[in-house]
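Peer 1: Next up, structure.cif (mmCIF, C-alpha atoms).
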data_start
#
loop_
_atom_site.label_atom_id
_atom_site.label_comp_id
_atom_site.auth_asym_id
_atom_site.auth_seq_id
_atom_site.Cartn_x
_atom_site.Cartn_y
_atom_site.Cartn_z
CA MET A 1 -19.40 24.83 26.64
CA ILE A 2 -17.34 27.64 25.19
CA GLU A 3 -17.98 28.52 21.57
CA PHE A 4 -14.96 29.18 19.39
CA THR A 5 -15.14 31.43 16.39
CA ILE A 6 -12.99 30.91 13.32
CA TRP A 7 -11.04 33.98 14.39
CA ASP A 8 -10.25 32.40 17.80
CA ILE A 9 -8.94 29.32 16.07
CA LEU A 10 -6.97 31.24 13.48
CA ARG A 11 -5.41 33.60 16.01
CA ASN A 12 -4.11 30.72 18.12
CA LEU A 13 -2.77 28.93 15.09
CA LEU A 14 -1.01 32.07 13.85
CA LEU A 15 0.59 32.60 17.25
CA ALA A 16 2.01 29.08 17.04
CA THR A 17 3.18 29.69 13.48
CA ARG A 18 5.89 31.97 14.94
CA TRP A 19 7.52 28.90 16.45
CA THR A 20 7.31 27.01 13.17
CA LEU A 21 9.04 29.94 11.48
CA LEU A 22 11.71 30.30 14.16
CA LEU A 23 12.50 26.59 14.20
CA SER A 24 12.62 26.50 10.40
CA LEU A 25 15.00 29.43 10.33
CA VAL A 26 17.30 27.96 12.98
CA SER A 27 17.31 24.56 11.27
CA PHE A 28 17.94 26.03 7.86
CA VAL A 29 20.79 28.31 8.95
CA GLY A 30 22.33 25.72 11.26
CA GLY A 31 21.89 23.03 8.62
CA GLY A 32 23.58 25.33 6.13
CA VAL A 33 26.65 25.74 8.34
CA VAL A 34 26.99 22.00 9.02
CA GLY A 35 26.13 21.30 5.39
CA LEU A 36 29.01 23.52 4.26
CA VAL A 37 31.37 21.48 6.44
CA LEU A 38 29.94 18.30 4.89
CA LEU A 39 30.43 19.77 1.42
CA PHE A 40 34.12 20.42 2.09
CA LEU A 41 34.54 16.92 3.49
CA ARG A 42 32.67 15.41 0.57
CA ILE A 43 34.90 16.99 -2.08
CA SER A 44 38.09 16.71 -0.03
CA ARG A 45 41.13 14.99 -1.50
CA ARG A 46 41.42 12.77 1.57
CA ARG A 47 39.62 9.52 1.18
CA TRP A 48 38.60 9.22 4.86
CA ALA A 49 37.00 12.66 4.79
CA ARG A 50 34.95 11.76 1.73
CA ALA A 51 33.91 8.48 3.36
CA VAL A 52 32.82 10.20 6.60
CA ALA A 53 30.65 12.68 4.72
CA LYS A 54 29.26 10.00 2.45
CA TYR A 55 28.16 7.73 5.29
CA TYR A 56 26.80 10.67 7.25
CA ILE A 57 24.63 11.67 4.31
CA GLU A 58 23.61 8.07 3.62
CA LEU A 59 22.60 7.61 7.25
CA PHE A 60 20.53 10.78 7.55
CA GLN A 61 18.89 10.43 4.16
CA GLY A 62 18.18 6.74 4.68
CA THR A 63 16.33 6.96 7.99
CA PRO A 64 13.07 8.71 8.88
CA LEU A 65 13.33 12.21 10.30
CA LEU A 66 10.87 11.10 12.96
CA MET A 67 13.31 8.43 14.19
CA GLN A 68 16.12 11.00 14.25
CA LEU A 69 13.92 13.21 16.38
CA PHE A 70 13.13 10.35 18.76
CA ILE A 71 16.79 9.43 19.10
CA ALA A 72 17.78 13.05 19.72
CA PHE A 73 14.99 13.40 22.26
CA PHE A 74 15.53 10.15 24.16
CA GLY A 75 19.15 9.49 23.24
CA LEU A 76 20.63 12.76 24.51
CA GLY A 77 18.85 12.10 27.79
CA LEU A 78 21.06 9.07 28.30
CA PHE A 79 24.05 11.33 28.77
CA GLY A 80 22.35 12.85 31.77
CA ILE A 81 21.31 15.94 29.86
CA ASP A 82 17.75 17.00 30.44
CA VAL A 83 16.59 17.53 26.88
CA PRO A 84 13.78 19.98 26.29
CA ALA A 85 11.75 19.31 23.14
CA TRP A 86 12.99 22.45 21.38
CA LEU A 87 16.61 21.43 21.80
CA ALA A 88 16.06 17.91 20.47
CA ALA A 89 14.00 19.34 17.61
CA GLY A 90 16.67 21.89 16.73
CA VAL A 91 19.56 19.42 16.88
CA ALA A 92 17.78 16.74 14.83
CA LEU A 93 16.53 19.18 12.20
CA ILE A 94 19.95 20.84 11.84
CA LEU A 95 21.71 17.50 11.36
CA TRP A 96 18.99 16.31 8.98
CA SER A 97 18.96 19.41 6.77
CA ALA A 98 22.77 19.46 6.74
CA ALA A 99 22.77 16.05 5.06
CA PHE A 100 20.45 17.23 2.30
CA LEU A 101 22.06 20.64 1.81
CA GLY A 102 25.54 19.11 1.72
CA GLU A 103 24.46 16.72 -1.00
CA ILE A 104 22.65 19.42 -3.02
CA TRP A 105 25.68 21.71 -2.88
CA ARG A 106 28.06 18.93 -3.81
CA GLY A 107 26.08 18.48 -7.02
CA CYS A 108 26.44 22.20 -7.71
CA VAL A 109 30.20 22.22 -7.09
CA GLU A 110 30.65 19.17 -9.28
CA ALA A 111 28.69 20.88 -12.05
CA ILE A 112 31.49 23.44 -12.37
CA ALA A 113 33.68 22.55 -15.31
CA MET A 114 36.97 20.81 -14.54
CA GLY A 115 38.83 23.52 -16.49
CA GLN A 116 37.97 26.04 -13.78
CA TRP A 117 39.86 23.96 -11.21
CA GLU A 118 42.77 23.49 -13.56
CA ALA A 119 42.92 27.15 -14.55
CA SER A 120 42.91 28.33 -10.96
CA ALA A 121 45.48 25.71 -9.99
CA SER A 122 47.73 26.93 -12.79
CA LEU A 123 47.53 30.41 -11.26
CA GLY A 124 49.09 28.94 -8.13
CA MET A 125 45.97 29.01 -6.01
CA GLY A 126 45.63 26.64 -3.08
CA ARG A 127 42.61 24.43 -2.62
CA LEU A 128 40.85 26.90 -0.32
CA GLN A 129 41.60 29.85 -2.55
CA GLN A 130 40.23 27.96 -5.53
CA MET A 131 37.02 27.30 -3.65
CA ARG A 132 36.77 30.84 -2.29
CA TYR A 133 37.51 32.83 -5.43
CA VAL A 134 36.67 30.58 -8.37
CA ILE A 135 34.42 27.62 -7.64
CA LEU A 136 32.00 28.75 -4.93
CA PRO A 137 30.98 32.04 -6.58
CA GLN A 138 29.92 30.08 -9.65
CA ALA A 139 28.46 27.13 -7.77
CA MET A 140 26.40 29.44 -5.56
CA ARG A 141 24.56 30.70 -8.61
CA ILE A 142 23.38 27.22 -9.54
CA ALA A 143 22.75 26.36 -5.90
CA VAL A 144 20.14 29.04 -5.21
CA PRO A 145 17.02 27.39 -6.74
CA PRO A 146 17.44 23.93 -5.18
CA THR A 147 18.41 25.48 -1.84
CA VAL A 148 15.30 27.64 -1.79
CA GLY A 149 13.35 24.55 -2.80
CA PHE A 150 14.79 22.60 0.10
CA SER A 151 13.72 25.28 2.57
CA VAL A 152 10.17 24.08 1.86
CA GLN A 153 11.18 20.61 3.03
CA VAL A 154 12.57 22.14 6.22
CA ILE A 155 9.33 23.98 6.99
CA LYS A 156 7.35 20.79 6.40
CA GLY A 157 9.89 18.85 8.46
CA THR A 158 9.24 21.03 11.49
CA ALA A 159 5.70 19.60 11.60
CA LEU A 160 7.18 16.36 12.93
CA THR A 161 8.59 18.08 16.00
CA SER A 162 5.03 18.29 17.30
CA ILE A 163 5.29 14.55 17.94
CA ILE A 164 8.05 14.97 20.54
CA GLY A 165 6.03 17.75 22.12
CA PHE A 166 7.39 20.96 20.64
CA VAL A 167 4.46 23.35 20.37
CA GLU A 168 4.43 24.76 16.86
CA LEU A 169 1.75 25.00 14.21
CA SER A 170 0.92 21.28 14.00
CA LYS A 171 0.86 20.77 17.75
CA ALA A 172 -1.28 23.87 18.10
CA GLY A 173 -3.62 22.33 15.54
CA THR A 174 -3.97 19.21 17.69
CA VAL A 175 -4.47 21.23 20.87
CA VAL A 176 -7.05 23.50 19.27
CA THR A 177 -8.86 20.48 17.81
CA ASN A 178 -9.07 18.91 21.24
CA ALA A 179 -10.65 22.08 22.57
CA THR A 180 -13.04 22.81 19.71
CA PHE A 181 -13.90 19.38 18.27
CA GLN A 182 -13.67 20.84 14.78
CA PRO A 183 -10.86 18.82 13.18
CA PHE A 184 -11.99 19.56 9.64
CA THR A 185 -11.80 23.34 10.07
CA VAL A 186 -8.69 23.35 12.23
CA TYR A 187 -6.55 20.99 10.16
CA GLY A 188 -7.83 22.67 7.01
CA LEU A 189 -6.61 26.02 8.37
CA VAL A 190 -3.31 24.50 9.50
CA ALA A 191 -2.79 23.13 6.00
CA LEU A 192 -3.59 26.52 4.49
CA ILE A 193 -1.08 28.27 6.76
CA TYR A 194 1.62 25.79 5.79
CA PHE A 195 0.66 26.32 2.18
CA ALA A 196 0.92 30.09 2.59
CA LEU A 197 4.43 29.65 4.01
CA CYS A 198 5.68 27.09 1.52
CA TRP A 199 4.07 27.98 -1.77
CA PRO A 200 5.86 31.32 -2.29
CA LEU A 201 9.16 29.55 -1.67
CA SER A 202 8.33 26.72 -4.10
CA LYS A 203 7.25 29.20 -6.73
CA SER A 204 10.31 31.42 -6.36
CA SER A 205 12.52 28.36 -6.58
CA GLN A 206 10.85 27.47 -9.89
CA ILE A 207 11.13 31.02 -11.22
CA LEU A 208 14.79 31.28 -10.21
CA GLU A 209 15.50 28.00 -11.93
CA ARG A 210 13.83 29.13 -15.13
CA LYS A 211 15.76 32.43 -15.08
CA LEU A 212 19.01 30.61 -14.57
CA ASN A 213 18.30 28.28 -17.48
CA VAL A 214 17.59 31.22 -19.75
CA ALA A 215 20.87 32.85 -18.72
CA HIS A 216 22.69 29.63 -19.50
CA ARG A 217 21.08 29.19 -22.88
CA ASN A 218 22.21 32.64 -23.97
CA HIS A 219 25.86 31.90 -23.40
CA MET B 11 27.00 7.94 31.67
CA ASN B 12 25.85 4.92 33.63
CA TYR B 13 23.28 3.51 31.27
CA HIS B 14 23.76 -0.04 30.11
CA PHE B 15 22.69 -0.85 26.63
CA GLU B 16 20.94 -4.14 26.29
CA PHE B 17 19.42 -5.40 23.12
CA GLY B 18 18.78 -9.04 23.98
CA TRP B 19 15.37 -8.44 25.55
CA LEU B 20 14.11 -7.04 22.25
CA PHE B 21 13.63 -10.61 21.04
CA GLU B 22 10.65 -10.84 23.34
CA TYR B 23 8.98 -8.22 21.22
CA TYR B 24 9.82 -9.63 17.85
CA PRO B 25 6.16 -10.38 16.91
CA GLN B 26 5.37 -6.65 17.25
CA ILE B 27 8.46 -5.66 15.30
CA VAL B 28 7.76 -8.14 12.51
CA LYS B 29 4.15 -7.02 12.29
CA GLY B 30 5.30 -3.41 12.17
CA ILE B 31 7.73 -4.14 9.37
CA ALA B 32 5.01 -6.00 7.45
CA ILE B 33 2.64 -3.04 7.72
CA THR B 34 5.33 -0.57 6.68
CA ILE B 35 6.07 -2.75 3.64
CA GLN B 36 2.36 -3.05 2.85
CA LEU B 37 1.97 0.74 3.09
CA ILE B 38 4.80 1.45 0.69
CA ALA B 39 3.75 -1.32 -1.72
CA VAL B 40 0.23 0.10 -2.03
CA GLY B 41 1.56 3.65 -1.92
CA ALA B 42 4.10 3.05 -4.67
CA ILE B 43 1.84 1.15 -7.07
CA ALA B 44 -1.30 3.27 -6.67
CA GLY B 45 0.67 6.49 -6.13
CA ILE B 46 2.72 6.14 -9.29
CA SER B 47 -0.41 5.19 -11.25
CA LEU B 48 -2.14 8.31 -9.96
CA GLY B 49 1.01 10.26 -10.79
CA ILE B 50 0.94 9.00 -14.38
CA VAL B 51 -2.68 10.05 -14.81
CA CYS B 52 -2.01 13.49 -13.31
CA ALA B 53 1.14 13.94 -15.37
CA TRP B 54 -0.81 13.03 -18.53
CA VAL B 55 -3.47 15.61 -17.67
CA ARG B 56 -0.93 18.34 -17.01
CA ALA B 57 1.19 17.64 -20.05
CA LEU B 58 -1.35 16.55 -22.68
CA GLY B 59 -4.80 16.42 -21.08
CA PRO B 60 -7.94 18.52 -21.55
CA PRO B 61 -7.35 22.21 -20.67
CA TRP B 62 -10.26 22.46 -18.23
CA LEU B 63 -8.82 19.67 -16.08
CA LYS B 64 -5.30 21.13 -15.87
CA PRO B 65 -5.93 23.76 -13.14
CA VAL B 66 -7.69 21.16 -10.98
CA VAL B 67 -4.74 18.79 -11.08
CA ALA B 68 -2.29 21.69 -10.68
CA ALA B 69 -4.11 22.80 -7.52
CA TYR B 70 -4.03 19.26 -6.13
CA VAL B 71 -0.32 18.89 -6.82
CA GLU B 72 0.63 22.30 -5.37
CA LEU B 73 -1.54 21.81 -2.29
CA ILE B 74 -0.02 18.44 -1.47
CA ARG B 75 3.56 19.44 -2.22
CA ASN B 76 3.37 22.49 0.03
CA THR B 77 1.83 20.99 3.16
CA PRO B 78 3.35 18.49 5.61
CA PHE B 79 2.43 14.81 5.28
CA LEU B 80 1.46 14.76 8.96
CA ILE B 81 -1.21 17.41 8.40
CA GLN B 82 -2.53 15.61 5.31
CA LEU B 83 -2.81 12.47 7.41
CA PHE B 84 -4.60 14.27 10.27
CA PHE B 85 -6.94 15.95 7.83
CA ILE B 86 -7.89 12.64 6.23
CA PHE B 87 -8.19 10.72 9.48
CA PHE B 88 -9.68 13.33 11.84
CA GLY B 89 -11.14 15.86 9.42
CA LEU B 90 -12.97 13.78 6.83
CA PRO B 91 -15.29 11.97 9.28
CA SER B 92 -17.13 15.29 9.74
CA LEU B 93 -17.99 15.01 6.03
CA GLY B 94 -19.31 11.54 6.76
CA LEU B 95 -16.26 9.65 5.55
CA GLN B 96 -15.14 7.38 8.37
CA LEU B 97 -11.86 5.58 7.70
CA SER B 98 -9.88 3.04 9.69
CA GLU B 99 -6.29 3.97 10.64
CA LEU B 100 -4.83 1.76 7.96
CA GLU B 101 -7.20 2.99 5.25
CA ALA B 102 -6.42 6.59 6.13
CA ALA B 103 -2.69 5.86 6.13
CA ASN B 104 -2.89 4.13 2.74
CA ILE B 105 -4.94 6.92 1.20
CA ALA B 106 -2.57 9.58 2.56
CA MET B 107 0.44 7.73 1.09
CA VAL B 108 -1.20 7.39 -2.32
CA VAL B 109 -2.37 11.02 -2.42
CA ASN B 110 1.05 12.24 -1.32
CA LEU B 111 3.14 10.16 -3.71
CA GLY B 112 0.64 10.82 -6.50
CA ALA B 113 1.33 14.55 -6.33
CA TYR B 114 5.12 14.26 -6.09
CA SER B 115 5.45 11.60 -8.76
CA SER B 116 3.20 13.48 -11.19
CA GLU B 117 5.68 16.37 -11.22
CA ILE B 118 8.59 14.02 -11.81
CA ILE B 119 6.79 12.04 -14.53
CA ARG B 120 5.63 15.23 -16.22
CA ALA B 121 9.26 16.28 -16.59
CA GLY B 122 9.88 12.93 -18.29
CA ILE B 123 6.95 13.37 -20.67
CA GLN B 124 7.97 16.91 -21.55
CA ALA B 125 11.47 15.75 -22.41
CA THR B 126 10.02 13.54 -25.16
CA PRO B 127 11.15 14.75 -28.61
CA ARG B 128 8.29 16.14 -30.72
CA GLY B 129 9.07 13.64 -33.44
CA GLN B 130 7.81 10.82 -31.24
CA PHE B 131 4.33 12.35 -31.08
CA GLU B 132 4.40 13.07 -34.81
CA ALA B 133 5.54 9.54 -35.58
CA GLY B 134 2.66 8.16 -33.51
CA ALA B 135 0.18 10.41 -35.29
CA SER B 136 1.53 9.44 -38.70
CA LEU B 137 0.84 5.79 -37.80
CA ALA B 138 -2.82 6.82 -37.30
CA MET B 139 -2.61 6.42 -33.55
CA THR B 140 -4.92 8.56 -31.44
CA PRO B 141 -3.14 10.92 -29.01
CA PHE B 142 -3.95 8.52 -26.19
CA GLU B 143 -2.55 5.52 -28.07
CA THR B 144 0.59 7.50 -28.85
CA PHE B 145 0.94 8.31 -25.16
CA ARG B 146 0.32 4.75 -24.07
CA HIS B 147 2.44 2.89 -26.63
CA VAL B 148 5.12 5.38 -27.66
CA VAL B 149 5.68 8.06 -25.05
CA LEU B 150 4.99 6.57 -21.62
CA ILE B 151 7.64 3.90 -21.14
CA PRO B 152 10.63 5.95 -22.36
CA SER B 153 9.37 8.88 -20.25
CA LEU B 154 9.29 6.70 -17.15
CA GLN B 155 12.71 5.30 -17.98
CA ARG B 156 14.14 8.82 -18.18
CA ILE B 157 13.02 9.77 -14.68
CA TRP B 158 13.14 6.35 -12.98
CA PRO B 159 16.08 7.24 -10.67
CA ALA B 160 14.33 10.41 -9.45
CA LEU B 161 11.08 8.51 -9.02
CA SER B 162 12.83 5.78 -7.05
CA SER B 163 14.31 8.36 -4.67
CA GLN B 164 10.88 9.85 -4.15
CA VAL B 165 9.40 6.45 -3.32
CA VAL B 166 12.14 5.92 -0.72
CA ILE B 167 11.46 9.38 0.75
CA VAL B 168 7.75 8.57 1.02
CA MET B 169 8.55 5.20 2.64
CA LEU B 170 10.64 6.99 5.29
CA GLY B 171 7.87 9.54 5.69
CA SER B 172 5.44 6.71 6.45
CA ALA B 173 6.91 6.58 9.97
CA VAL B 174 4.44 9.35 10.74
CA VAL B 175 1.36 7.12 10.31
CA SER B 176 2.03 5.76 13.80
CA GLN B 177 0.53 9.05 14.99
CA ILE B 178 -2.96 7.97 13.97
CA ALA B 179 -2.29 4.57 15.55
CA ALA B 180 -1.68 2.68 12.31
CA GLU B 181 0.49 -0.15 13.59
CA ASP B 182 3.61 0.30 11.48
CA LEU B 183 7.24 -0.12 12.53
CA THR B 184 7.35 3.20 14.40
CA PHE B 185 4.19 2.22 16.26
CA ALA B 186 5.95 -0.97 17.35
CA ALA B 187 8.93 1.07 18.54
CA ASN B 188 6.66 3.40 20.49
CA PHE B 189 4.83 0.41 21.96
CA ILE B 190 8.06 -1.21 23.14
CA GLN B 191 9.30 2.11 24.47
CA SER B 192 6.20 2.65 26.55
CA ARG B 193 6.32 -0.90 27.89
CA THR B 194 9.99 -1.02 28.84
CA PHE B 195 11.16 2.59 29.02
CA ARG B 196 14.16 1.48 27.00
CA ALA B 197 13.64 4.21 24.43
CA PHE B 198 17.10 4.31 22.99
CA GLU B 199 17.34 0.61 22.15
CA ALA B 200 13.84 0.51 20.66
CA TYR B 201 14.39 3.51 18.42
CA PHE B 202 17.94 2.55 17.54
CA VAL B 203 16.85 -0.86 16.31
CA SER B 204 13.87 0.46 14.36
CA THR B 205 16.04 3.18 12.78
CA ALA B 206 18.44 0.48 11.65
CA VAL B 207 15.52 -1.48 10.20
CA TYR B 208 14.36 1.61 8.32
CA LEU B 209 17.85 2.10 6.91
CA LEU B 210 17.85 -1.51 5.75
CA LEU B 211 14.39 -1.16 4.25
CA ALA B 212 15.50 1.98 2.40
CA ILE B 213 18.51 0.18 0.92
CA LEU B 214 16.39 -2.84 0.03
CA LEU B 215 13.66 -0.73 -1.54
CA ARG B 216 16.26 1.00 -3.69
CA GLN B 217 17.44 -2.40 -4.93
CA VAL B 218 13.90 -3.57 -5.62
CA LEU B 219 13.08 -0.42 -7.58
CA GLY B 220 16.28 -0.79 -9.56
CA MET B 221 15.24 -4.35 -10.39
CA VAL B 222 11.73 -3.26 -11.39
CA GLY B 223 13.28 -0.70 -13.71
CA TRP B 224 15.53 -3.38 -15.17
CA LEU B 225 12.48 -5.57 -15.85
CA ILE B 226 10.04 -3.07 -17.36
CA PHE B 227 12.34 -0.92 -19.46
CA PRO B 228 13.72 -2.13 -22.77
CA ARG B 229 17.44 -2.63 -22.72
CA ARG B 230 19.69 -2.01 -25.64
CA ALA B 231 20.37 -5.33 -27.36
CA ALA B 232 23.91 -6.60 -27.01
CA ARG B 233 25.90 -6.18 -30.14
#
When written as structure tokens, how does the structure in this file appear?
Peer 2:
Amino acid sequence: MIEFTIWDILRNLLLATRWTLLLSLVSFVGGGVVGLVLLFLRISRRRWARAVAKYYIELFQGTPLLMQLFIAFFGLGLFGIDVPAWLAAGVALILWSAAFLGEIWRGCVEAIAMGQWEASASLGMGRLQQMRYVILPQAMRIAVPPTVGFSVQVIKGTALTSIIGFVELSKAGTVVTNATFQPFTVYGLVALIYFALCWPLSKSSQILERKLNVAHRNH
Amino acid sequence: MNYHFEFGWLFEYYPQIVKGIAITIQLIAVGAIAGISLGIVCAWVRALGPPWLKPVVAAYVELIRNTPFLIQLFFIFFGLPSLGLQLSELEAANIAMVVNLGAYSSEIIRAGIQATPRGQFEAGASLAMTPFETFRHVVLIPSLQRIWPALSSQVVIVMLGSAVVSQIAAEDLTFAANFIQSRTFRAFEAYFVSTAVYLLLAILLRQVLGMVGWLIFPRRAAR
């Protein structure tokens, strides 16, 4: 039987961590783009647009991410597309994070005082101009801490893609465990790597939030 | 697309589905009650407890909040036996749920405790209550009331997260869906139906938690 050193285990896990990072990045950026669309729908003046965004968010926040992954994985196959695990994982995670980011950002936009809308409207700005020049620059400031905080959820969410067979950190953990029979060490290391990825983000989200609150109090 | 959707045959499998739903409900019931209790204890330690205990609880909370539930579950189920702690699937799943919700809810509850006006603590002390009695009889319930909506959302998130316990073969709703899928190869129908059930459970759970809040928190008397 081959002996595995801690370094062997760690090196393999770190190699797989690249895929966790890449998938997280793709999901976060893609989710941000779709989330922005959802945000505009959600605060639109058309009732149907608001309803579409609302039900979309309700649906994706009210069902398990794992089920969304399964449906993306098996459901897309029904259309005759051969779905590789990475594609299903990417699609499901993008749609899932979009729902959360859209809802977070809506809260930030709605936190902007009504007077800002009225003032910009009285300057003859259109809806898009108002958003572009007045509302979003202010809303973005408030949005940074919760958005950074949500990126932690995205990284943790990518762990589920191991279940449909995408080889990232969690899947690598399972594979390495099967080879080494050291679940305690391997899953402990996997947890530590996740912690090393997520904790700095959580902390910076907290620090940013505190800074922002101080700035607000001084007004 | 020449796939024909058929849902009728699912009735054959209704015992599995019902059992799965029952286990998912059991998991979240235990998880919510024990998890929130653990959260209250941890929140008390971090807000008002003995200083030497604070870093321990802080480490627990940060560790759980920054690692995926799946890995926590694998660690408990596959990792702990090498320390001599052998758990059944369901025990491991229950423990993972409690540990997970305990960490998240402690942060939420702590925010509620810290929002308590100082005067409340002083009023308790002036009535000769010990700090613990003040916490128990004066501070706790209004603190929970303040953060109940956030806590409810977290419970729903953890319930949806429980889908993962199927991976250690705990026979919850997702396990039932996987079972049906592997028997019939009708993946889409199986997952579609169980997703719908999860959505329903989430809506129902929200209602139940709202009702619990209505029962345990004092309401302003009608004038």
Peer 1: Starting from the displayed file, determine the output of the PyMOL selection byres ((chain A and resi 179) around 12) and express the residue list as a ChimeraX atom specification.
Peer 2: /A:1-4,8-9,12,172-178,180-183,186
Peer 1: Give me the chain B side of the contact with chain A, cut-off 9 Å, one line per residue showing its nearest atom pair and distance in Å at one decimal, counting all atoms listed in the file, sorted by chain and residue number, as a Markdown table.
Peer 2:
| residue | atom | partner | partner_atom | distance |
| --- | --- | --- | --- | --- |
| B:Met11 | CA | A:Phe79 | CA | 5.3 |
| B:Asn12 | CA | A:Phe79 | CA | 8.2 |
| B:Tyr13 | CA | A:Leu78 | CA | 6.7 |
| B:Glu72 | CA | A:Trp199 | CA | 7.6 |
| B:Leu73 | CA | A:Phe195 | CA | 6.7 |
| B:Ile74 | CA | A:Phe195 | CA | 8.7 |
| B:Arg75 | CA | A:Trp199 | CA | 8.6 |
| B:Asn76 | CA | A:Phe195 | CA | 5.2 |
| B:Thr77 | CA | A:Tyr194 | CA | 5.5 |
| B:Pro78 | CA | A:Lys156 | CA | 4.7 |
| B:Phe79 | CA | A:Lys156 | CA | 7.8 |
| B:Leu80 | CA | A:Ala159 | CA | 7.0 |
| B:Ile81 | CA | A:Ala191 | CA | 6.4 |
| B:Gln82 | CA | A:Ala191 | CA | 7.6 |
| B:Phe84 | CA | A:Tyr187 | CA | 7.0 |
| B:Phe85 | CA | A:Tyr187 | CA | 5.6 |
| B:Ile86 | CA | A:Phe184 | CA | 8.7 |
| B:Phe88 | CA | A:Pro183 | CA | 5.8 |
| B:Gly89 | CA | A:Phe184 | CA | 3.8 |
| B:Leu90 | CA | A:Phe184 | CA | 6.5 |
| B:Pro91 | CA | A:Phe184 | CA | 8.3 |
| B:Ser92 | CA | A:Phe184 | CA | 6.7 |
| B:Leu93 | CA | A:Phe184 | CA | 8.4 |
| B:Val166 | CA | A:Gly62 | CA | 8.1 |
| B:Ile167 | CA | A:Gly62 | CA | 8.2 |
| B:Met169 | CA | A:Pro64 | CA | 8.5 |
| B:Leu170 | CA | A:Pro64 | CA | 4.7 |
| B:Gly171 | CA | A:Pro64 | CA | 6.2 |
| B:Ser172 | CA | A:Pro64 | CA | 8.3 |
| B:Ala173 | CA | A:Pro64 | CA | 6.6 |
| B:Val174 | CA | A:Leu66 | CA | 7.0 |
| B:Gln177 | CA | A:Ile163 | CA | 7.8 |
| B:Thr184 | CA | A:Met67 | CA | 7.9 |
| B:Ala197 | CA | A:Phe74 | CA | 6.2 |
| B:Phe198 | CA | A:Gly75 | CA | 5.6 |
| B:Tyr201 | CA | A:Ile71 | CA | 6.4 |
| B:Phe202 | CA | A:Ile71 | CA | 7.1 |
| B:Ser204 | CA | A:Met67 | CA | 8.0 |
| B:Thr205 | CA | A:Met67 | CA | 6.1 |
| B:Ala206 | CA | A:Thr63 | CA | 7.7 |
| B:Val207 | CA | A:Thr63 | CA | 8.8 |
| B:Tyr208 | CA | A:Thr63 | CA | 5.7 |
| B:Leu209 | CA | A:Gly62 | CA | 5.2 |
| B:Leu210 | CA | A:Gly62 | CA | 8.3 |
| B:Leu211 | CA | A:Gly62 | CA | 8.8 |
| B:Ala212 | CA | A:Gly62 | CA | 5.9 |
| B:Ile213 | CA | A:Gly62 | CA | 7.6 |
Peer 1: Apply the PyMOL selection byres ((chain B and resi 126-136) around 10) to the file shown and report the selected residues as a list in words.
Peer 2: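 Applying the expression gives Ala121, Gly122, Ile123, Gln124, Ala125, Leu137, Ala138, Met139, Thr140, Pro141, Phe142, Glu143, Thr144, Phe145, His147, Val148, Val149, Leu150, Pro152, Ser153 and Arg156 of chain B.
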Peer 1: I'd like the interatomic distance between CA of Ala99 (chain A) and CA of Met114 (chain A), to a tenth of an Å.
Peer 2: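 Interatomic distance here is 24.7 Å.
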Peer 1: Counting all atoms listed in the file, which residues of region 12-105 of chain A sit at most 10 Å from some atom of region 142-148 of chain A, and what is each one's closest atom pair with its distance in Å to one decimal, listed by chain and rising residue number, as CSV?
Peer 2:
residue,atom,partner,partner_atom,distance
A:Phe28,CA,A:Thr147,CA,9.7
A:Gly32,CA,A:Thr147,CA,9.5
A:Phe100,CA,A:Thr147,CA,9.5
A:Leu101,CA,A:Thr147,CA,7.1
A:Ile104,CA,A:Pro146,CA,7.2
A:Trp105,CA,A:Ala143,CA,6.3
Peer 1: Just say which residues the PyMOL selection byres ((chain A and resi 34) around 12) picks in this file, as JSON, numbers by chain.
Peer 2: {"A": [27, 28, 29, 30, 31, 32, 33, 35, 36, 37, 38, 39, 40, 41, 53, 56, 57, 91, 93, 94, 95, 96, 97, 98, 99, 100, 101, 102, 103, 105]}
